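S.K.: upload.cif is reproduced in full below (mmCIF, C-alpha atoms and all ligand atoms).
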data_coords
#
loop_
_atom_site.label_atom_id
_atom_site.label_comp_id
_atom_site.auth_asym_id
_atom_site.auth_seq_id
_atom_site.Cartn_x
_atom_site.Cartn_y
_atom_site.Cartn_z
CA MET M 1 -31.66 -74.04 21.34
CA LYS M 2 -35.31 -73.04 21.23
CA ARG M 3 -36.68 -70.32 23.42
CA LYS M 4 -40.12 -68.88 23.91
CA ILE M 5 -39.99 -65.13 24.15
CA ALA M 6 -42.91 -62.84 24.75
CA ILE M 7 -42.92 -59.69 22.67
CA GLY M 8 -45.74 -57.48 23.81
CA LEU M 9 -48.85 -59.63 23.55
CA VAL M 10 -47.31 -61.91 20.94
CA ALA M 11 -45.39 -65.01 21.94
CA ALA M 12 -42.85 -66.06 19.35
CA THR M 13 -40.45 -68.94 19.22
CA VAL M 14 -36.98 -67.76 18.34
CA ILE M 15 -34.20 -70.07 17.33
CA THR M 16 -30.85 -68.96 18.65
CA THR M 17 -27.48 -70.53 18.19
CA THR M 18 -25.14 -70.93 21.12
CA GLY M 19 -23.51 -67.66 22.02
CA LEU M 20 -25.39 -65.74 19.38
CA THR M 21 -27.55 -63.51 21.50
CA ALA M 22 -28.87 -60.38 19.88
CA ARG M 23 -28.04 -57.15 21.63
CA SER M 24 -28.60 -54.60 18.92
CA LEU M 25 -29.86 -51.23 20.03
CA ALA M 26 -32.01 -50.92 16.95
CA GLY M 27 -35.15 -50.72 19.06
CA ALA M 28 -38.13 -53.02 19.38
CA PRO M 29 -38.63 -55.16 16.30
CA THR M 30 -41.85 -55.47 14.38
CA VAL M 31 -40.72 -58.67 12.71
CA VAL M 32 -39.06 -61.51 14.60
CA SER M 33 -35.89 -62.66 12.91
CA ALA M 34 -35.18 -66.38 12.88
CA VAL M 35 -31.77 -65.94 14.42
CA VAL M 36 -31.18 -62.48 15.83
CA SER M 37 -33.75 -60.43 17.66
CA PRO M 38 -33.28 -57.49 20.03
CA ALA M 39 -36.03 -59.06 22.12
CA VAL M 40 -33.53 -61.69 23.18
CA ALA M 41 -31.59 -58.97 24.98
CA ALA M 42 -34.42 -58.69 27.47
CA ALA M 43 -34.02 -62.39 28.24
CA ALA M 44 -30.26 -62.16 28.73
CA LYS M 45 -29.54 -62.03 32.44
CA THR M 46 -25.76 -61.97 32.55
CA LEU M 47 -23.12 -59.34 32.14
CA ASP M 48 -20.63 -60.85 29.68
CA LEU M 49 -16.94 -60.00 29.51
CA TYR M 50 -14.72 -61.34 26.73
CA PHE M 51 -10.97 -61.23 27.39
CA ILE M 52 -9.81 -61.44 23.80
CA ASP M 53 -6.44 -62.91 22.88
CA VAL M 54 -4.42 -60.16 21.23
CA GLU M 55 -1.08 -61.79 22.02
CA GLY M 56 -0.08 -59.56 24.92
CA GLY M 57 -2.05 -56.43 24.07
CA GLN M 58 -5.48 -55.61 25.49
CA ALA M 59 -8.99 -56.03 24.11
CA THR M 60 -11.79 -56.57 26.62
CA LEU M 61 -15.35 -56.60 25.32
CA ILE M 62 -18.14 -56.06 27.84
CA VAL M 63 -21.80 -56.54 26.95
CA THR M 64 -24.36 -55.46 29.52
CA PRO M 65 -27.72 -57.11 30.09
CA ALA M 66 -29.22 -53.78 28.93
CA GLY M 67 -27.68 -54.53 25.54
CA GLU M 68 -24.89 -51.97 25.56
CA SER M 69 -21.41 -52.81 24.40
CA PHE M 70 -18.29 -51.40 26.02
CA LEU M 71 -14.96 -52.30 24.45
CA ILE M 72 -11.77 -51.52 26.34
CA ASP M 73 -8.88 -51.33 23.84
CA ALA M 74 -8.58 -53.19 20.53
CA GLY M 75 -5.15 -54.83 20.42
CA PHE M 76 -2.33 -54.31 17.92
CA PRO M 77 -2.62 -53.05 14.33
CA GLY M 78 -1.95 -55.06 11.18
CA ASP M 79 -0.06 -58.30 11.71
CA GLY M 80 0.29 -57.64 15.43
CA THR M 81 3.60 -56.08 16.42
CA PHE M 82 4.65 -52.69 17.81
CA ASN M 83 6.09 -51.90 14.36
CA SER M 84 2.91 -52.88 12.48
CA LYS M 85 0.76 -50.26 10.77
CA PRO M 86 -3.02 -50.34 10.38
CA GLY M 87 -3.86 -51.91 7.03
CA ALA M 88 -6.62 -53.90 5.36
CA PRO M 89 -9.20 -54.89 7.99
CA GLU M 90 -9.63 -58.34 6.40
CA GLN M 91 -6.02 -59.11 7.32
CA ALA M 92 -5.91 -57.32 10.67
CA ARG M 93 -5.17 -60.03 13.22
CA ASP M 94 -6.53 -58.36 16.35
CA ALA M 95 -9.39 -56.35 14.82
CA GLN M 96 -10.64 -59.62 13.35
CA ARG M 97 -10.49 -61.29 16.77
CA VAL M 98 -12.41 -58.45 18.40
CA PHE M 99 -14.94 -58.57 15.56
CA ALA M 100 -15.38 -62.32 16.07
CA ALA M 101 -16.15 -61.78 19.76
CA ALA M 102 -18.59 -58.99 18.86
CA ARG M 103 -20.37 -61.34 16.46
CA ASP M 104 -20.47 -64.04 19.13
CA ALA M 105 -22.23 -61.50 21.36
CA GLY M 106 -24.68 -60.63 18.57
CA LEU M 107 -23.51 -57.03 18.34
CA THR M 108 -24.09 -54.79 15.35
CA GLN M 109 -22.08 -51.88 16.72
CA ILE M 110 -19.68 -50.92 19.50
CA ASP M 111 -21.51 -48.36 21.63
CA HIS M 112 -18.50 -47.25 23.68
CA LEU M 113 -14.81 -47.75 23.01
CA MET M 114 -12.46 -46.82 25.83
CA LEU M 115 -8.74 -46.55 25.14
CA THR M 116 -6.79 -47.05 28.33
CA HIS M 117 -3.73 -45.37 26.79
CA TYR M 118 -1.96 -44.57 23.54
CA HIS M 119 0.27 -47.56 22.91
CA GLY M 120 0.07 -49.74 19.81
CA ASP M 121 -0.89 -52.89 21.74
CA HIS M 122 -4.04 -51.12 22.97
CA MET M 123 -5.08 -48.57 20.32
CA GLY M 124 -3.47 -50.12 17.22
CA GLY M 125 -6.47 -52.21 16.16
CA VAL M 126 -9.10 -49.48 16.49
CA MET M 127 -8.82 -48.03 12.98
CA GLU M 128 -9.25 -51.45 11.37
CA LEU M 129 -12.02 -52.50 13.75
CA ALA M 130 -14.01 -49.36 12.85
CA GLN M 131 -14.12 -50.63 9.26
CA LEU M 132 -15.56 -53.96 10.41
CA ILE M 133 -18.18 -52.68 12.86
CA PRO M 134 -19.34 -49.11 13.63
CA ILE M 135 -17.91 -47.50 16.79
CA ARG M 136 -20.23 -44.82 18.20
CA GLY M 137 -18.53 -43.30 21.22
CA PHE M 138 -14.93 -42.81 22.35
CA ILE M 139 -13.58 -42.52 25.89
CA ASP M 140 -9.92 -41.79 26.65
CA HIS M 141 -7.51 -39.37 28.33
CA SER M 142 -7.57 -37.01 25.41
CA ALA M 143 -3.92 -37.09 24.27
CA PRO M 144 -0.59 -38.82 24.95
CA SER M 145 2.11 -37.03 26.90
CA ALA M 146 4.75 -35.08 24.97
CA GLU M 147 7.39 -37.72 25.75
CA ALA M 148 5.35 -40.72 24.57
CA GLU M 149 6.67 -40.61 20.99
CA VAL M 150 10.30 -40.51 22.18
CA VAL M 151 9.91 -43.66 24.27
CA VAL M 152 7.62 -45.56 21.87
CA PRO M 153 8.14 -44.29 18.30
CA GLY M 154 5.00 -44.56 16.18
CA THR M 155 2.68 -43.49 19.01
CA LEU M 156 1.82 -40.14 17.40
CA ALA M 157 1.06 -41.58 13.94
CA LEU M 158 -1.43 -44.00 15.50
CA TYR M 159 -2.83 -41.23 17.68
CA ASP M 160 -3.39 -38.92 14.67
CA ALA M 161 -5.30 -41.68 12.89
CA TYR M 162 -7.32 -42.30 16.04
CA VAL M 163 -8.19 -38.59 16.44
CA ALA M 164 -9.58 -38.52 12.90
CA LEU M 165 -11.77 -41.53 13.71
CA ARG M 166 -12.80 -40.16 17.11
CA ALA M 167 -14.07 -36.97 15.47
CA LYS M 168 -16.82 -39.02 13.80
CA GLY M 169 -18.37 -40.11 17.11
CA THR M 170 -19.03 -38.78 20.58
CA HIS M 171 -16.04 -38.22 22.85
CA ILE M 172 -15.54 -38.28 26.61
CA ASP M 173 -12.28 -37.02 28.09
CA ALA M 174 -12.39 -39.19 31.21
CA LYS M 175 -11.41 -37.70 34.56
CA PRO M 176 -10.98 -39.54 37.87
CA GLY M 177 -14.33 -39.76 39.64
CA ASP M 178 -16.38 -39.53 36.43
CA ARG M 179 -19.19 -42.01 35.87
CA LEU M 180 -19.39 -43.33 32.32
CA PRO M 181 -22.82 -43.32 30.64
CA ILE M 182 -23.11 -47.06 30.05
CA LYS M 183 -26.59 -48.45 30.57
CA GLY M 184 -27.13 -51.29 33.01
CA VAL M 185 -23.83 -50.96 34.87
CA ASP M 186 -22.14 -48.40 37.11
CA VAL M 187 -18.70 -47.54 35.74
CA VAL M 188 -16.49 -45.14 37.65
CA VAL M 189 -13.18 -43.77 36.40
CA LEU M 190 -10.41 -44.37 38.95
CA ALA M 191 -7.44 -42.89 37.13
CA SER M 192 -6.84 -41.07 33.85
CA GLY M 193 -4.06 -39.00 32.31
CA GLY M 194 -1.83 -39.48 35.36
CA ASP M 195 -4.42 -38.34 37.91
CA VAL M 196 -6.19 -40.65 40.36
CA ILE M 197 -9.22 -40.36 42.61
CA THR M 198 -8.37 -38.75 45.93
CA LYS M 199 -11.49 -39.72 47.86
CA PRO M 200 -12.52 -43.32 48.47
CA LEU M 201 -15.45 -44.83 46.61
CA SER M 202 -18.56 -45.47 48.68
CA GLY M 203 -17.77 -48.07 51.35
CA ALA M 204 -14.01 -47.99 50.69
CA GLY M 205 -11.20 -46.05 52.38
CA GLN M 206 -9.89 -48.64 54.85
CA PRO M 207 -6.15 -48.52 55.69
CA ASN M 208 -4.20 -51.20 53.82
CA ALA M 209 -1.77 -53.09 56.05
CA ALA M 210 -0.09 -54.70 53.02
CA CYS M 211 1.41 -51.42 51.77
CA THR M 212 5.18 -51.21 51.94
CA GLY M 213 7.45 -48.47 50.60
CA ASP M 214 6.35 -46.71 47.43
CA GLY M 215 5.30 -49.75 45.43
CA VAL M 216 6.99 -50.99 42.26
CA PRO M 217 8.35 -48.42 39.73
CA ALA M 218 6.68 -48.36 36.31
CA GLN M 219 8.58 -50.17 33.56
CA GLU M 220 7.42 -47.52 31.07
CA LYS M 221 6.95 -44.07 32.53
CA THR M 222 5.26 -41.93 29.85
CA GLU M 223 1.93 -43.51 28.88
CA ASN M 224 1.36 -46.55 31.10
CA PRO M 225 1.01 -44.47 34.32
CA ARG M 226 -1.49 -42.28 32.45
CA SER M 227 -3.81 -45.24 31.74
CA THR M 228 -7.51 -44.67 32.16
CA ALA M 229 -8.67 -47.16 34.80
CA ILE M 230 -12.23 -48.16 35.68
CA ARG M 231 -14.24 -50.13 38.20
CA LEU M 232 -17.47 -51.58 36.85
CA GLN M 233 -20.31 -52.63 39.13
CA TYR M 234 -23.23 -54.84 38.10
CA GLY M 235 -25.42 -55.63 41.10
CA LYS M 236 -23.05 -57.22 43.61
CA PHE M 237 -20.50 -58.11 40.91
CA ALA M 238 -17.49 -55.83 40.38
CA PHE M 239 -14.76 -55.80 37.73
CA LEU M 240 -11.52 -53.84 37.92
CA ASP M 241 -9.58 -52.89 34.76
CA VAL M 242 -6.62 -50.54 35.10
CA GLY M 243 -5.03 -51.07 31.67
CA ASP M 244 -1.26 -50.65 31.99
CA LEU M 245 -1.50 -48.35 35.01
CA SER M 246 1.73 -48.70 36.96
CA GLY M 247 4.08 -46.78 39.23
CA PRO M 248 2.73 -44.14 41.68
CA PRO M 249 -0.80 -43.81 40.20
CA LEU M 250 -1.41 -47.57 40.55
CA PHE M 251 0.03 -47.61 44.07
CA ALA M 252 -2.13 -44.62 45.08
CA LEU M 253 -5.36 -46.54 44.38
CA THR M 254 -4.83 -48.90 47.30
CA CYS M 255 -2.05 -47.36 49.42
CA PRO M 256 -1.90 -46.18 52.12
CA ALA M 257 -5.70 -46.65 52.10
CA ASN M 258 -7.82 -48.74 49.76
CA LEU M 259 -9.75 -46.09 47.77
CA ILE M 260 -11.42 -48.53 45.35
CA GLY M 261 -12.88 -51.32 47.47
CA GLN M 262 -13.05 -54.94 46.35
CA ALA M 263 -13.64 -56.52 42.96
CA ASP M 264 -14.63 -60.05 42.00
CA VAL M 265 -12.60 -60.07 38.79
CA TYR M 266 -9.38 -58.11 38.30
CA LEU M 267 -7.56 -57.80 34.99
CA ILE M 268 -4.02 -57.64 36.31
CA ALA M 269 -2.22 -54.37 35.56
CA HIS M 270 0.17 -54.24 32.61
CA HIS M 271 -0.46 -57.78 31.34
CA GLY M 272 0.92 -59.30 34.53
CA GLY M 273 4.29 -57.54 34.24
CA ALA M 274 6.43 -57.20 37.36
CA ASP M 275 5.21 -53.62 37.87
CA GLY M 276 1.72 -55.03 38.41
CA SER M 277 2.85 -57.58 40.98
CA ASP M 278 2.74 -55.57 44.23
CA PRO M 279 0.80 -57.70 46.75
CA SER M 280 -0.75 -54.59 48.34
CA LEU M 281 -3.27 -54.13 45.53
CA PHE M 282 -4.30 -57.80 45.52
CA ALA M 283 -4.67 -57.67 49.32
CA ALA M 284 -6.95 -54.64 49.10
CA VAL M 285 -9.07 -55.68 46.13
CA GLN M 286 -9.30 -59.38 47.13
CA PRO M 287 -10.29 -60.58 43.66
CA ARG M 288 -11.73 -64.06 43.43
CA VAL M 289 -10.40 -64.28 39.88
CA ALA M 290 -7.38 -62.45 38.47
CA ILE M 291 -6.81 -62.56 34.71
CA MET M 292 -3.57 -61.92 32.87
CA ASN M 293 -3.86 -60.66 29.29
CA ASN M 294 -0.35 -61.82 28.52
CA GLY M 295 1.35 -63.14 25.41
CA PRO M 296 3.82 -66.01 25.18
CA ARG M 297 6.66 -63.66 26.15
CA LYS M 298 4.80 -60.45 27.04
CA GLY M 299 3.70 -59.63 30.59
CA ALA M 300 3.24 -62.58 32.96
CA GLN M 301 6.53 -62.12 34.76
CA ALA M 302 7.84 -64.39 37.51
CA LYS M 303 7.22 -61.81 40.26
CA THR M 304 3.52 -61.67 39.46
CA PHE M 305 3.20 -65.45 39.57
CA ALA M 306 4.99 -65.41 42.94
CA THR M 307 2.45 -62.88 44.27
CA LEU M 308 -0.46 -64.96 43.00
CA LYS M 309 0.87 -68.25 44.35
CA ALA M 310 1.20 -66.65 47.78
CA MET M 311 -2.52 -65.77 47.71
CA PRO M 312 -4.36 -69.07 47.29
CA SER M 313 -7.77 -67.39 47.63
CA ILE M 314 -7.21 -65.90 44.15
CA ASP M 315 -7.82 -68.10 41.12
CA ALA M 316 -5.60 -66.85 38.31
CA TRP M 317 -6.39 -67.34 34.62
CA GLN M 318 -4.06 -66.59 31.72
CA LEU M 319 -4.69 -65.76 28.08
CA HIS M 320 -1.41 -67.49 27.23
CA ARG M 321 0.97 -69.99 28.68
CA THR M 322 4.09 -67.93 29.27
CA LEU M 323 7.61 -68.89 28.29
CA ASN M 324 9.15 -66.24 30.57
CA PRO M 325 12.03 -67.49 32.72
CA GLY M 326 11.03 -68.40 36.26
CA ALA M 327 7.31 -67.92 35.65
CA GLU M 328 5.17 -70.72 37.04
CA ASN M 329 2.13 -71.13 34.81
CA MET M 330 -1.28 -71.96 36.25
CA ALA M 331 -3.01 -75.24 35.43
CA ASP M 332 -3.65 -75.71 31.68
CA GLU M 333 -7.42 -75.66 32.22
CA ARG M 334 -7.11 -71.99 33.25
CA ILE M 335 -4.92 -71.03 30.27
CA ALA M 336 -6.79 -70.00 27.12
CA ASN M 337 -3.91 -70.56 24.70
CA LEU M 338 -1.06 -73.01 25.24
CA ASP M 339 0.80 -71.68 22.19
CA GLU M 340 0.18 -69.39 19.23
CA SER M 341 -1.76 -72.00 17.25
CA THR M 342 -5.03 -70.90 18.92
CA SER M 343 -6.58 -67.50 19.70
CA ALA M 344 -9.22 -68.41 22.27
CA TYR M 345 -10.74 -65.90 24.65
CA ILE M 346 -11.61 -66.19 28.31
CA LYS M 347 -15.25 -65.32 28.94
CA VAL M 348 -16.80 -64.24 32.23
CA SER M 349 -20.59 -64.25 32.67
CA ALA M 350 -21.78 -62.52 35.83
CA ASP M 351 -25.10 -62.34 37.67
CA THR M 352 -26.37 -59.47 39.81
CA ASP M 353 -25.98 -61.59 42.95
CA GLY M 354 -22.21 -61.52 42.43
CA SER M 355 -21.82 -65.09 41.25
CA PHE M 356 -20.09 -65.65 37.93
CA THR M 357 -18.74 -68.28 35.60
CA VAL M 358 -15.39 -68.19 33.81
CA SER M 359 -14.99 -70.22 30.64
CA ASN M 360 -11.98 -71.23 28.61
CA GLY M 361 -12.73 -70.65 24.92
CA ARG M 362 -10.19 -73.27 23.83
CA THR M 363 -11.50 -76.21 25.82
CA GLY M 364 -14.98 -75.21 26.97
CA PHE M 365 -13.88 -75.78 30.58
CA LYS M 366 -16.02 -73.70 32.94
CA LYS M 367 -15.66 -72.81 36.58
CA SER M 368 -18.39 -71.19 38.61
CA TYR M 369 -17.72 -68.83 41.49
CA ARG M 370 -20.64 -68.48 43.87
CA ARG M 371 -21.27 -66.02 46.66
ZN ZN D 1 0.05 -52.86 27.11
#
Starting from the coordinates I provided, produce the structure as structure tokens.
M.R.:
Amino acid sequence: MKRKIAIGLVAATVITTTGLTARSLAGAPTVVSAVVSPAVAAAAKTLDLYFIDVEGGQATLIVTPAGESFLIDAGFPGDGTFNSKPGAPEQARDAQRVFAAARDAGLTQIDHLMLTHYHGDHMGGVMELAQLIPIRGFIDHSAPSAEAEVVVPGTLALYDAYVALRAKGTHIDAKPGDRLPIKGVDVVVLASGGDVITKPLSGAGQPNAACTGDGVPAQEKTENPRSTAIRLQYGKFAFLDVGDLSGPPLFALTCPANLIGQADVYLIAHHGGADGSDPSLFAAVQPRVAIMNNGPRKGAQAKTFATLKAMPSIDAWQLHRTLNPGAENMADERIANLDESTSAYIKVSADTDGSFTVSNGRTGFKKSYRR
């Protein structure tokens, strides 16, 4: 496509390829590149979110209209299992997929990496990714709990490697209520290290009639409930990402009162596992779109599908068709990968007025959600 872009007093025609929008922070250019120019960032009007297929782990790349990149988790290490070790970045399945999305967004660096928690399906790919593209800043809950290694062996080895990498950049130890310094969006930390906000966000705090009992117990009790969770606001658009938050800290966000308000897009807790299926959170947040970052057999449990099917106002999208027993998949057009032969992402592009478009990277199918 051809675009006319004004740079100061000079009008230049810049050729861009689809999806290749420059968002480098290198500063104003003196020479206009034929393909990539930071000036294009000024023309970009949408907040873009890539839900990258890391086969049941998490990697969510957010690029703001101000040109900043915010990556939440980076999938598994190596060949993509909990037993894999970080290895050569050229062969790293998930780091390569994150890198491909970063290139699609025209990025030359990751400005902020947030690790929701210290499990291999979330932090495993970071060390390899850092060899493919520079990572400048790190956000996390500082350290795993003492029991994490007992429950998930290998956690500490990955954590030690991560700490060595983190020392080369800036570091934020996120606390509930903190605002993250990401330009162009308002990102508030809802939970981190097992603590959650205790006061409602502005405009929230209403009692939640859908709360029953104490919620669903966490399937994994050492690191998942310590996930760092955020709510991101861009104009009237809001995105909720809680990582693998589960058990009492997840329940406390919306029960007995809704402390976090509503969100247009919700990345379902813990890959759509049963401990993320409590209807009370969906009732409080009222997402228009809920996304499951599941794998063929990871996350996406039958209970979560049952919750979603009972709430027809929510459009659910999946990164994978699930083979889990009893799980009722959504329509194929809203599933990014029908099997493991593809590794397509789901992309959300949002405007300040709250409207957004969700696209299926496998088929090109798009659905717009208007205010
Ligand atoms: Zn996980």
S.K.: At a cut-off of 9 Å, using all atoms listed in the file, what residues contact Leu49 of chain M? Leave out same-chain residues fewer than 4 positions from it and give the result as a PyMOL selection string.
M.R.: chain M and resi 60-64+346-350
S.K.: Rank M:Ala146, M:Ala300, M:Ala101, M:Ala336 by their smallest atom-to-atom distance to ligand ZN 1 (chain D), using only C-alpha atoms and all ligand atoms, and report the top residue only.
M.R.: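 Once distances to ligand ZN 1 (chain D) are computed over only C-alpha atoms and all ligand atoms, the minimum belongs to M:Ala300.
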S.K.: Give the answer as one residue: which of M:His271, M:Lys175, M:Arg371, M:Lys236 has the shortest atom-to-atom distance to ligand ZN 1 (chain D), using all atoms listed in the file?
M.R.: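 Checking each of M:His271, M:Lys175, M:Arg371, M:Lys236 against ligand ZN 1 (chain D), counting all atoms listed in the file, the winner is M:His271.
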S.K.: Out of M:His117, M:Arg226, M:Arg321, M:Arg136, which residue has the shortest atom-to-atom distance to Pro176 of chain M when counting only C-alpha atoms?
M.R.: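 Of M:His117, M:Arg226, M:Arg321, M:Arg136, the one nearest Pro176 of chain M is M:Arg226, counting only C-alpha atoms.
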S.K.: Atom CA of Ser227 of chain M and atom CA of His112 of chain M are how many Å apart?
M.R.: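 We find that atom CA of Ser227 of chain M and atom CA of His112 of chain M lie 16.9 Å from each other.
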S.K.: Return the single residue from M:Ile230, M:Cys255, M:Ala66, M:Val242 that is closest to ligand ZN 1 (chain D), with distances computed using all atoms listed in the file.
M.R.: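 Closest residue, counting all atoms listed in the file: M:Val242.
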S.K.: Residues contacting ligand ZN 1 (chain D) - anything with an atom at most 8 Å away, using all atoms listed in the file - can you give me those as a compact mmCIF listing (two decimals) with C-alpha atoms, in the coordinates of the input?
M.R.:
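Ended up saving to pocket.txt:
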# COMPACT_ATOMS: atom_id res chain seq x y z
CA GLY M 56 -0.08 -59.56 24.92
CA GLY M 57 -2.05 -56.43 24.07
CA GLN M 58 -5.48 -55.61 25.49
CA HIS M 119 0.27 -47.56 22.91
CA GLY M 120 0.07 -49.74 19.81
CA ASP M 121 -0.89 -52.89 21.74
CA HIS M 122 -4.04 -51.12 22.97
CA ASN M 224 1.36 -46.55 31.10
CA GLY M 243 -5.03 -51.07 31.67
CA ASP M 244 -1.26 -50.65 31.99
CA HIS M 270 0.17 -54.24 32.61
CA HIS M 271 -0.46 -57.78 31.34
S.K.: Between atom CA of Trp317 of chain M and atom CA of Arg334 of chain M, what is the distance in Å, rounded to a tenth?
M.R.: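 So the answer is 4.9 Å.
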S.K.: At a cut-off of 10 Å, using all atoms listed in the file, what residues contact Ile260 of chain M? Leave out same-chain residues fewer than 2 positions from it and give the result as a VMD selection string.
M.R.: chain M and resid 188 190 197 199 to 206 230 to 231 240 253 to 254 257 to 258 262 to 263 281 284 to 285
S.K.: Once you have the residues from the selection above, write them out as an mmCIF file, in the frame of the given file, restricted to C-alpha atoms.
M.R.:
data_model
loop_
_atom_site.group_PDB
_atom_site.id
_atom_site.type_symbol
_atom_site.label_atom_id
_atom_site.label_comp_id
_atom_site.auth_asym_id
_atom_site.auth_seq_id
_atom_site.Cartn_x
_atom_site.Cartn_y
_atom_site.Cartn_z
ATOM 1 C CA VAL M 188 -16.490 -45.140 37.650
ATOM 2 C CA LEU M 190 -10.410 -44.370 38.950
ATOM 3 C CA ILE M 197 -9.220 -40.360 42.610
ATOM 4 C CA LYS M 199 -11.490 -39.720 47.860
ATOM 5 C CA PRO M 200 -12.520 -43.320 48.470
ATOM 6 C CA LEU M 201 -15.450 -44.830 46.610
ATOM 7 C CA SER M 202 -18.560 -45.470 48.680
ATOM 8 C CA GLY M 203 -17.770 -48.070 51.350
ATOM 9 C CA ALA M 204 -14.010 -47.990 50.690
ATOM 10 C CA GLY M 205 -11.200 -46.050 52.380
ATOM 11 C CA GLN M 206 -9.890 -48.640 54.850
ATOM 12 C CA ILE M 230 -12.230 -48.160 35.680
ATOM 13 C CA ARG M 231 -14.240 -50.130 38.200
ATOM 14 C CA LEU M 240 -11.520 -53.840 37.920
ATOM 15 C CA LEU M 253 -5.360 -46.540 44.380
ATOM 16 C CA THR M 254 -4.830 -48.900 47.300
ATOM 17 C CA ALA M 257 -5.700 -46.650 52.100
ATOM 18 C CA ASN M 258 -7.820 -48.740 49.760
ATOM 19 C CA GLN M 262 -13.050 -54.940 46.350
ATOM 20 C CA ALA M 263 -13.640 -56.520 42.960
ATOM 21 C CA LEU M 281 -3.270 -54.130 45.530
ATOM 22 C CA ALA M 284 -6.950 -54.640 49.100
ATOM 23 C CA VAL M 285 -9.070 -55.680 46.130
#
S.K.: Could you tell me which of M:Leu115, M:Ala102, M:Val126, M:Ala229 comes closest to Gly87 of chain M if we count only C-alpha atoms?
M.R.: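 With only C-alpha atoms as the atom set, the closest residue is M:Val126.
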S.K.: Which is closest to Thr198 of chain M among M:Pro287, M:Pro249, M:Ala95, M:Lys85, if we use all atoms listed in the file?
M.R.: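 Closest to Thr198 of chain M of all the choices is M:Pro249.
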S.K.: Hey, what's within 12 Å of Arg97 of chain M if we count all atoms listed in the file and toss same-chain stuff fewer than 3 positions away? As a VMD selection string, please?
M.R.: chain M and resid 50 to 55 58 to 61 74 to 80 89 to 94 100 to 104 125 to 126 128 to 129 132 342 to 345
S.K.: Work out how far atom CA of Gln96 of chain M is from atom CA of Leu232 of chain M, in Å to one decimal.
M.R.: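 If I compute the distance from atom CA of Leu232 of chain M to atom CA of Gln96 of chain M, I get 25.8 Å.
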S.K.: Skip Pro134 of chain M itself and residues of its chain fewer than 6 positions away, then list as a list in words all residues within 9 Å of it, counting all atoms listed in the file.
M.R.: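 Using all atoms listed in the file, the neighbours found are Thr108, Gln109, Ile110 and Asp111 of chain M.
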S.K.: Name all residues at most 12 Å from Pro248 of chain M (count all atoms listed in the file; drop same-chain ones fewer than 5 positions away) and give them as an MDAnalysis selection string.
M.R.: chainID M and resid 191 194:196 213:219 221 224:227 253:256 275:276 278
S.K.: Could you rebuild segment 286-297 of chain M with N, CA and C atoms and give it back as a PDB file, in the frame of the given file?
M.R.:
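Written file, out13.pdb:
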ATOM      1  N   GLN M 286      -8.859 -57.996  46.856  1.00  0.00           N
ATOM      2  CA  GLN M 286      -9.300 -59.380  47.130  1.00  0.00           C
ATOM      3  C   GLN M 286     -10.089 -59.984  45.977  1.00  0.00           C
ATOM      4  N   PRO M 287      -9.539 -59.983  44.776  1.00  0.00           N
ATOM      5  CA  PRO M 287     -10.290 -60.580  43.660  1.00  0.00           C
ATOM      6  C   PRO M 287     -10.447 -62.082  43.860  1.00  0.00           C
ATOM      7  N   ARG M 288     -11.581 -62.601  43.415  1.00  0.00           N
ATOM      8  CA  ARG M 288     -11.730 -64.060  43.430  1.00  0.00           C
ATOM      9  C   ARG M 288     -11.057 -64.645  42.205  1.00  0.00           C
ATOM     10  N   VAL M 289     -11.077 -63.868  41.111  1.00  0.00           N
ATOM     11  CA  VAL M 289     -10.400 -64.280  39.880  1.00  0.00           C
ATOM     12  C   VAL M 289      -9.539 -63.124  39.396  1.00  0.00           C
ATOM     13  N   ALA M 290      -8.286 -63.435  39.068  1.00  0.00           N
ATOM     14  CA  ALA M 290      -7.380 -62.450  38.470  1.00  0.00           C
ATOM     15  C   ALA M 290      -6.981 -62.985  37.092  1.00  0.00           C
ATOM     16  N   ILE M 291      -7.086 -62.127  36.092  1.00  0.00           N
ATOM     17  CA  ILE M 291      -6.810 -62.560  34.710  1.00  0.00           C
ATOM     18  C   ILE M 291      -5.602 -61.800  34.199  1.00  0.00           C
ATOM     19  N   MET M 292      -4.743 -62.528  33.499  1.00  0.00           N
ATOM     20  CA  MET M 292      -3.570 -61.920  32.870  1.00  0.00           C
ATOM     21  C   MET M 292      -3.778 -61.903  31.361  1.00  0.00           C
ATOM     22  N   ASN M 293      -3.759 -60.712  30.756  1.00  0.00           N
ATOM     23  CA  ASN M 293      -3.860 -60.660  29.290  1.00  0.00           C
ATOM     24  C   ASN M 293      -2.432 -60.619  28.708  1.00  0.00           C
ATOM     25  N   ASN M 294      -1.748 -61.728  28.913  1.00  0.00           N
ATOM     26  CA  ASN M 294      -0.350 -61.820  28.520  1.00  0.00           C
ATOM     27  C   ASN M 294      -0.207 -62.485  27.152  1.00  0.00           C
ATOM     28  N   GLY M 295       0.998 -62.374  26.594  1.00  0.00           N
ATOM     29  CA  GLY M 295       1.350 -63.140  25.410  1.00  0.00           C
ATOM     30  C   GLY M 295       2.376 -64.183  25.786  1.00  0.00           C
ATOM     31  N   PRO M 296       2.856 -64.963  24.833  1.00  0.00           N
ATOM     32  CA  PRO M 296       3.820 -66.010  25.180  1.00  0.00           C
ATOM     33  C   PRO M 296       5.074 -65.469  25.877  1.00  0.00           C
ATOM     34  N   ARG M 297       5.476 -64.247  25.499  1.00  0.00           N
ATOM     35  CA  ARG M 297       6.660 -63.660  26.150  1.00  0.00           C
ATOM     36  C   ARG M 297       6.380 -62.247  26.658  1.00  0.00           C
TER      37      ARG M 297
END
